[in-house]
Number of protein chains: 2
Amino acid sequence: MIKTTEDDTTTYHHGNLRHRLIESALEMIDESGAAGLTLRGIAKRAGVSHTAPYRHFPDKEALLAAVAREGVSLMLSEISARLERAKGDALARFSVCGLAYIDFAIHHPAHFRVMYASPQKGVAVPEDLKPESSPVFQMFIEVITECWNLGILRGENPYRIAISAWSLVHGFSLLVIDGHLQGEALDAGSLESMKRGLLYSLYAGIRGKNGPGGIQPPAGNA
Amino acid sequence: MIKTTEDDTTTYHHGNLRHRLIESALEMIDESGAAGLTLRGIAKRAGVSHTAPYRHFPDKEALLAAVAREGVSLMLSEISARLERAKGDALARFSVCGLAYIDFAIHHPAHFRVMYASPQKGVAVPEDLKPESSPVFQMFIEVITECWNLGILRGENPYRIAISAWSLVHGFSLLVIDGHLQGEALDAGSLESMKRGLLYSLYAGIRGKNGPGGIQPPAGNA
DNA sequence: ACCTGAACACCGTTCAAGT
DNA sequence: ACCTGAACACCGTTCAAGT
């Protein structure tokens, strides 16, 4: 009688442990925040000894890098899908980028936090995980460049516009998921209107009728 | 002969240990990032046993709260000083708020990080450390309300304008201090012009001449 | 291949003890 | 008052050992 490995599933993970560890990490971040994230805790949640993760990742940081990469591709696919539906309308595509970025942060806060965590002082960030190198930022630049070429958006260059828009949605996303907003930003309804108001304030400006129109931008900001 | 306590300074800290611990924490964050911050390390840097901090703070979190409070009052005083110099010019005062916020983050990244760290999931944030309750945010609201009443700034209400402006400068600050910007944002010169371009893009908007003017804001965003 | 337990140098926190 | 060392339950990581 030849021994089968069928019920090893109860003790072994047969290669899906890697994914299960990433999943566990995300669950733990959602429950207790990124600060309390523990490699031993991840292993325990995955039902495995605390050294098992080292078969799949050289260290804790590598596991987090895998989480970040998953986040990038998830964000890319979600934004792409919504961009597809706005084909032909360049300005709508610009809005979609901003709105989808915020929505991703709100719906996947654990992924978002890992993606944009402050890098450790000593360790080098892998090139593909630098935000400006990510396909998401490249997509932003493309969409903005399209608008800029059509004269729909204005600014010194597409990169500068991207920095303004990115700063805006990045800051808002963090304020929301960190719970730093308390005023009107409580219910989902006003959050929705704040999201659109945010993008609109950047697009149309917040200059009032009595505001000076001739204020000079810093460096020929056309 | 009566024993003096004069050279206890070498072993004791005589009440200034509390401040020395805060200082040490800031130095450690600057050197190795907020993630690697260790109560034992702070104590060692202050030249004291690893339990000495408990004479001044009930736990690690309380020490960080003290750092955050110091940061808030420092930010408040720096912004106030620059606001004073812009007396009479409401719009300039608005710009000063944004620029000084970014400058504070860049010049005091350790304070800034602790002030806006994601709160632990379980623990309650002290009321005076909630960003919207802080005197800094109150000052923003006052300056914006002044502009709004004069018709210099436009929006549904001052709070909404504050959220847009805060999101913008908060996001940019984090992208800079986290090293997430790589393109033009390297040298100090372009950083200076980016800061002003950022504020200008919110003030004047990024709508181009070929952009539709009649786009509706979300909810009667006047 | 994949997983385990013991071991190491670290954590935060507590507590009895020292001046 | 202010500080100390030992002790506890945790960390991340390594390594010899098991199937």
# chains A, B, ... in the order shown; residues from 1 in each chain; ligands from 1
$ residues_around --residues "region 3-16 of chain D" --least-positions-apart "2" --cutoff "12 Å" --atoms "only C-alpha atoms (C1' of nucleotides)" --output "number ranges by chain"
A: 36-41, 50-54, 58-61; B: 8, 11-14, 17, 43, 47-56; C: 4-19; D: 1, 18
$ select_by_dssp --residues "region 8-218 of chain B" --states "alpha helix (DSSP H)" --output "number ranges by chain"
B: 17-32, 39-45, 60-84, 90-107, 109-115, 135-149, 158-177, 188-204
$ atom_distance --atom1 "CA of Tyr159 (chain B)" --atom2 "CA of Gln138 (chain B)"
10.1 Å
$ atom_distance --atom1 "CA of Cys147 (chain B)" --atom2 "CA of Glu132 (chain B)"
19.5 Å
$ interface_residues --of "chain A" --to "chain B" --cutoff "7 Å" --atoms "only C-alpha atoms" --output "ChimeraX atom specification"
/A:32-33,118-121,130-132,151-155,164,167-168,170-172,178,180-182,193,196-198,200-211,217-219
$ atom_distance --atom1 "CA of Glu78 (chain B)" --atom2 "CA of Gly189 (chain B)"
21.7 Å
$ residues_around --residues "Val136 (chain B)" --least-positions-apart "6" --cutoff "10 Å" --atoms "only C-alpha atoms (C1' of nucleotides)" --output "PDB file with C-alpha atoms, in the first residue's frame"
ATOM      1  CA  VAL B  72       1.417  70.802  17.756  1.00  0.00           C
ATOM      2  CA  SER B  73       2.551  73.790  19.802  1.00  0.00           C
ATOM      3  CA  MET B  75       3.699  74.074  14.486  1.00  0.00           C
ATOM      4  CA  LEU B  76       1.223  76.529  15.941  1.00  0.00           C
ATOM      5  CA  SER B  77       3.928  78.991  16.924  1.00  0.00           C
ATOM      6  CA  ILE B  79       2.541  79.303  11.593  1.00  0.00           C
ATOM      7  CA  SER B  80       1.406  82.097  13.923  1.00  0.00           C
ATOM      8  CA  CYS B  97      -1.009  78.459   6.323  1.00  0.00           C
ATOM      9  CA  TYR B 101       2.393  73.465   7.099  1.00  0.00           C
ATOM     10  CA  GLU B 142     -10.449  81.092  10.859  1.00  0.00           C
TER      11      GLU B 142
END
